[in-house]
$ cat work.csv   # CSV, C-alpha atoms
chain,number,residue,atom,x,y,z
T,1,MET,CA,0.0,0.0,0.0
T,2,PHE,CA,2.7,2.5,0.8
T,3,SER,CA,5.1,1.9,-1.8
T,4,TYR,CA,7.6,4.6,-2.6
T,5,SER,CA,9.5,4.1,-5.6
T,6,VAL,CA,12.7,5.9,-5.8
T,7,VAL,CA,13.1,5.1,-9.4
T,8,GLY,CA,10.4,7.2,-10.8
T,9,ALA,CA,10.4,9.8,-8.0
T,10,GLN,CA,6.8,10.5,-8.3
T,11,LEU,CA,4.6,11.5,-5.5
T,12,TYR,CA,1.5,9.6,-5.0
T,13,VAL,CA,-1.2,11.9,-4.1
T,14,GLY,CA,-3.3,9.2,-2.5
T,15,ASP,CA,-0.5,8.3,-0.1
T,16,MET,CA,0.0,11.9,0.8
T,17,LEU,CA,-3.7,12.4,1.4
T,18,PHE,CA,-3.8,9.3,3.6
T,19,VAL,CA,-0.8,10.5,5.7
T,20,MET,CA,-2.3,13.9,6.1
T,21,ILE,CA,-5.7,12.6,7.1
T,22,THR,CA,-4.1,10.2,9.5
T,23,PHE,CA,-1.9,12.9,11.0
T,24,LEU,CA,-5.0,15.2,11.4
T,25,VAL,CA,-7.0,12.4,13.0
T,26,LEU,CA,-4.1,11.6,15.3
T,27,MET,CA,-3.7,15.3,16.3
T,28,TRP,CA,-7.5,15.5,16.9
T,29,LEU,CA,-7.3,12.3,19.2
T,30,VAL,CA,-4.3,13.8,21.0
T,31,LYS,CA,-6.2,17.0,21.5
T,32,ILE,CA,-9.2,15.2,22.9
T,33,VAL,CA,-7.4,12.5,24.9
T,34,ALA,CA,-4.1,14.1,26.1
T,35,TRP,CA,-4.1,17.9,25.4
T,36,LYS,CA,-7.2,18.9,27.4
T,37,PRO,CA,-6.1,17.0,30.6
T,38,ILE,CA,-2.5,18.3,30.2
T,39,THR,CA,-3.6,21.9,29.8
T,40,LYS,CA,-6.1,21.5,32.6
T,41,MET,CA,-3.4,20.1,34.8
T,42,MET,CA,-1.0,22.9,33.9
T,43,GLN,CA,-3.8,25.5,34.5
T,44,ASP,CA,-4.5,23.9,37.9
T,45,ARG,CA,-0.8,23.9,38.8
T,46,SER,CA,-0.5,27.6,37.7
T,47,ASP,CA,-3.6,28.5,39.8
T,48,LYS,CA,-2.1,26.6,42.8
T,49,ILE,CA,1.2,28.4,42.4
T,50,VAL,CA,-0.5,31.8,42.2
T,51,ASN,CA,-2.6,30.9,45.3
T,52,ASP,CA,0.5,29.8,47.2
T,53,ILE,CA,2.3,33.0,46.3
T,54,ASP,CA,-0.7,35.1,47.5
T,55,SER,CA,-0.9,33.0,50.7
T,56,ALA,CA,2.8,33.5,51.3
T,57,LYS,CA,2.4,37.3,50.8
T,58,GLU,CA,-0.5,37.3,53.2
T,59,SER,CA,1.4,35.2,55.7
T,60,ARG,CA,4.4,37.5,55.4
T,61,THR,CA,2.2,40.6,55.9
T,62,LYS,CA,0.5,39.0,58.9
T,63,ALA,CA,3.9,38.0,60.3
T,64,ALA,CA,5.3,41.5,59.9
T,65,GLU,CA,2.2,43.0,61.6
T,66,LEU,CA,2.5,40.5,64.5
T,67,ALA,CA,6.2,41.3,64.8
T,68,GLN,CA,5.4,45.0,65.0
T,69,LYS,CA,2.7,44.4,67.6
T,70,ARG,CA,5.1,42.2,69.6
T,71,GLN,CA,7.8,44.9,69.4
T,72,ALA,CA,5.3,47.6,70.4
T,73,GLU,CA,4.2,45.4,73.4
T,74,LEU,CA,7.8,44.7,74.3
T,75,ASP,CA,8.6,48.4,74.1
T,76,LYS,CA,5.6,49.2,76.3
T,77,THR,CA,6.6,46.5,78.8
T,78,ARG,CA,10.1,47.8,78.8
T,79,ASP,CA,8.9,51.3,79.5
T,80,ASP,CA,6.6,50.1,82.2
T,81,ALA,CA,9.5,48.2,83.8
T,82,ASN,CA,11.7,51.2,83.6
T,83,GLY,CA,9.0,53.3,85.2
T,84,ILE,CA,8.6,50.8,88.0
T,85,ILE,CA,12.4,50.7,88.5
T,86,ASN,CA,12.6,54.5,88.6
T,87,ASN,CA,9.7,54.7,91.0
T,88,ALA,CA,11.3,52.2,93.3
T,89,LYS,CA,14.6,54.1,93.1
T,90,GLN,CA,12.8,57.3,94.0
T,91,ASN,CA,11.0,55.6,96.9
T,92,GLY,CA,14.2,54.1,98.1
T,93,GLN,CA,16.0,57.5,97.9
T,94,ARG,CA,13.1,59.1,99.8
T,95,GLN,CA,13.2,56.4,102.5
T,96,ARG,CA,17.0,56.7,102.7
T,97,ASP,CA,16.7,60.5,103.1
T,98,GLN,CA,14.0,60.0,105.8
T,99,ILE,CA,16.1,57.4,107.7
T,100,VAL,CA,19.1,59.7,107.5
T,101,GLU,CA,17.1,62.7,108.7
T,102,ASP,CA,15.6,60.6,111.5
T,103,ALA,CA,19.0,59.4,112.6
T,104,ARG,CA,20.4,62.9,112.6
T,105,ASN,CA,17.5,64.2,114.6
T,106,GLU,CA,17.9,61.3,117.1
T,107,ALA,CA,21.6,61.9,117.3
T,108,SER,CA,21.0,65.6,117.9
T,109,ASN,CA,18.5,64.7,120.6
T,110,LEU,CA,20.9,62.3,122.2
T,111,LYS,CA,23.7,64.8,122.0
T,112,SER,CA,21.5,67.5,123.6
T,113,SER,CA,20.3,65.0,126.3
T,114,ALA,CA,23.9,64.0,126.9
T,115,GLU,CA,25.1,67.6,127.2
T,116,LYS,CA,22.3,68.3,129.7
T,117,ASP,CA,23.2,65.2,131.7
T,118,ILE,CA,26.9,66.2,131.6
T,119,GLU,CA,26.1,69.7,132.7
T,120,GLN,CA,23.8,68.4,135.5
T,121,GLN,CA,26.5,66.0,136.7
T,122,ARG,CA,29.1,68.8,136.5
T,123,GLN,CA,26.9,71.0,138.6
T,124,GLU,CA,26.4,68.2,141.1
T,125,ALA,CA,30.1,67.5,141.2
T,126,LEU,CA,30.8,71.2,141.8
T,127,ALA,CA,28.2,71.3,144.5
T,128,ASN,CA,29.7,68.2,146.1
T,129,SER,CA,33.2,69.6,145.8
T,130,ARG,CA,32.1,72.8,147.5
T,131,LYS,CA,30.5,70.8,150.3
T,132,ASP,CA,33.6,68.7,150.6
T,133,VAL,CA,36.0,71.7,150.4
T,134,ALA,CA,33.8,73.5,153.0
T,135,SER,CA,33.7,70.5,155.2
T,136,LEU,CA,37.5,69.9,154.9
T,137,SER,CA,38.2,73.6,155.4
T,138,ILE,CA,36.2,73.6,158.6
T,139,ASP,CA,38.0,70.4,159.7
T,140,ILE,CA,41.4,71.9,158.8
T,141,ALA,CA,40.6,75.2,160.5
T,142,SER,CA,39.4,73.4,163.6
T,143,LYS,CA,42.6,71.4,163.7
T,144,ILE,CA,44.7,74.5,163.1
T,145,ILE,CA,43.0,76.4,165.7
T,146,SER,CA,43.4,73.5,168.2
T,147,LYS,CA,47.1,73.3,167.6
T,148,GLU,CA,49.8,75.2,166.0
T,149,LEU,CA,51.4,73.6,163.0
T,150,ASN,CA,55.0,73.1,162.4
T,151,GLU,CA,56.4,71.8,159.1
T,152,ASP,CA,55.9,68.1,159.9
T,153,ASP,CA,52.4,68.7,161.2
T,154,GLN,CA,51.5,70.6,158.1
T,155,LYS,CA,52.6,67.8,155.8
T,156,GLY,CA,50.7,65.3,157.9
T,157,LEU,CA,47.6,67.5,157.8
T,158,VAL,CA,47.8,67.7,154.0
T,159,ASP,CA,48.3,64.0,153.7
T,160,SER,CA,45.3,63.3,155.9
T,161,TYR,CA,43.3,65.8,153.8
T,162,ILE,CA,44.3,63.9,150.6
T,163,GLU,CA,43.5,60.6,152.2
T,164,GLY,CA,40.1,62.0,153.3
T,165,LEU,CA,39.3,63.0,149.7
T,166,GLY,CA,40.1,59.5,148.4
T,167,LYS,CA,37.9,57.8,151.0
T,168,GLN,CA,34.9,60.1,150.3
T,169,LYS,CA,34.9,59.3,146.6
$ encode --input "work.csv" --output "structure tokens"
Amino acid sequence: MFSYSVVGAQLYVGDMLFVMITFLVLMWLVKIVAWKPITKMMQDRSDKIVNDIDSAKESRTKAAELAQKRQAELDKTRDDANGIINNAKQNGQRQRDQIVEDARNEASNLKSSAEKDIEQQRQEALANSRKDVASLSIDIASKIISKELNEDDQKGLVDSYIEGLGKQK
């Protein structure tokens, strides 16, 4: 049926028509059986890729928004923490100043009280000394009047006076 003869080099129109018709039928069958499913698959894949890209853009946008919100919250939390720390520092400084002031006042009061006590004790000591001096002066004067003193008697009188002072304290 398909006989090509190289000898005469003639083209057989019938064979050519048969090949062309067969080729067209084959192309039509490929179009129906293979081309439509392949183009549909390619279109579905293209749509999926476009949807994935859109989803990725949305996800990236949402992630950026969430990151900004988290950063804003972190900054707010940091500012709040700094405010609390500064407030605590100020309160601590106020308490320290108050404690120092109270201690100074107490020290001043203690110093004043001690000065008053010292002055009172000094006055009492002076009064006691006056009494002792007066008493000793009377004793010495009475001894002097009762006898005349020579040098040895005077030394003895002074020594007894000193011993009397030591015994009274």
$ closest_atom_pairs --input "work.csv" --of "range 42-110 of chain T" --to "range 114-124 of chain T" --cutoff "12 Å" --atoms "all atoms listed in the file" --output "Markdown table"
| residue | atom | partner | partner_atom | distance |
| --- | --- | --- | --- | --- |
| T:Glu106 | CA | T:Ala114 | CA | 11.8 |
| T:Ala107 | CA | T:Ala114 | CA | 10.1 |
| T:Ser108 | CA | T:Ala114 | CA | 9.6 |
| T:Asn109 | CA | T:Ala114 | CA | 8.3 |
| T:Leu110 | CA | T:Ala114 | CA | 5.8 |
$ atom_distance --input "work.csv" --atom1 "CA of Leu157 in chain T" --atom2 "CA of Asp139 in chain T"
10.2 Å
$ closest_residue --input "work.csv" --among "T:Leu126, T:Asp80, T:Tyr161, T:Gln98" --to "Ile138 in chain T" --atoms "all atoms listed in the file"
T:Tyr161
$ atom_distance --input "work.csv" --atom1 "CA of Val100 in chain T" --atom2 "CA of Asn87 in chain T"
19.6 Å
$ atom_distance --input "work.csv" --atom1 "CA of Leu24 in chain T" --atom2 "CA of Ser46 in chain T"
29.4 Å
$ residues_near_point --input "work.csv" --point "(42.6, 66.5, 152.9)" --cutoff "10 Å" --atoms "all atoms listed in the file" --output "ChimeraX atom specification"
/T:132-133,136-137,139-140,156-166
